[in-house]
Structures are given as C-alpha cells and as structure tokens.
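First comes the structure, then the notes that go with it.
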Amino acid sequence: MSQRSAAEIDLFARTLAKQGVNLVRIHGATYVTSGPNFGQNDTNQVLRTQRLIAALKRQGIYSCLSIYFPLWVQLGPENTAFPATPTPTLRAALFQPAIPVLYRTWWTAC
C-alpha cells in the first residue's frame with residue numbers, strides 16, 4: 001500500500017462501496033521482512049493499514065488482514081536468530097520458535 005492522502009483513501013473506499021464490495025482482503029507485511037531488523041513492526045505500514053481499515057469501515061466494508069506469507073521473508077546471514085537452512089522461509093513458521101512470538105506481536109500492532 002503506497003502513500004495516499006486521507007481523501008484518496010476515502011474516495012477509494014466510497015468507490016468500492018458503490019460497486020457493491022463488502023469485504024477487502026489486505027494482503028501485505030506490516031513488519032520488516034529482511035535485514036538485521038527482521039520482524040520489527042513497520043510503524044508507517046501499520047498506520048497506513050489502520051487508516052485503510054478505518055476508511056473501509058466507515059463505508060460498511062469489512063477487512064480481512066493477511067499479514068504473513070513465508071516467501072516475503074528474506075533471511076540472510078545477518079539474521080543470527082534463525083539458523084541457516086536450505087529453505088528457511090518456508091520452514092520458519094513450523095520450526096523456528098521465534099516466529100510465533102513475532103507473529104503475535106505483528107497482530108497486536110495491527
């Protein structure tokens with residue numbers, strides 16, 4: 001979700017409502033997906049997501065958040081919290097104990 005003004009977001013929500021849309025799936029990370037700060041909440045992205053949800057709600061449109069997809073995560077050698085594996089991003093949610101903890105913090109921030 002790019003930087004949009006409040007007026008543009010409201011217009012977008014009104015347009016969707018006029019077209020009969022009653023649910024919007026917001027699919028995107030609200031956290032840093034790579035680098036040494038992996039997993040930290042991106043406060044700007046969280047605020048943009050909250051603004052969009054509020055605009056949709058004002059128009060009677062439900063929101064469905066999808067904030068985690070394993071392939072968004074780009075773990076590199078600077079991520080010492082996660083051991084190197086051939087496919088760390090696909091296995092992280094199942095085998096890395098730190099991921100569920102991070103996942104809960106991402107939802108709390110939203």
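Going through the structure tokens in order, the chains are called A, B, and so on, while each chain numbers its residues from 1 and the ligands are numbered from 1 in the order shown.
Once Lys57 of chain A and its same-chain neighbours fewer than 5 positions away are set aside, Ala13, Asn22, Leu23, Arg51, Leu52, Tyr62 and Ser63 of chain A remain within 10 Å of it when counting only C-alpha atoms.
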Practice problem: Counting only C-alpha atoms, figure out which residue out of A:Val46, A:Ala17, A:Glu8, A:Phe69 gets nearest to Tyr31 of chain A. | Solution: A:Val46
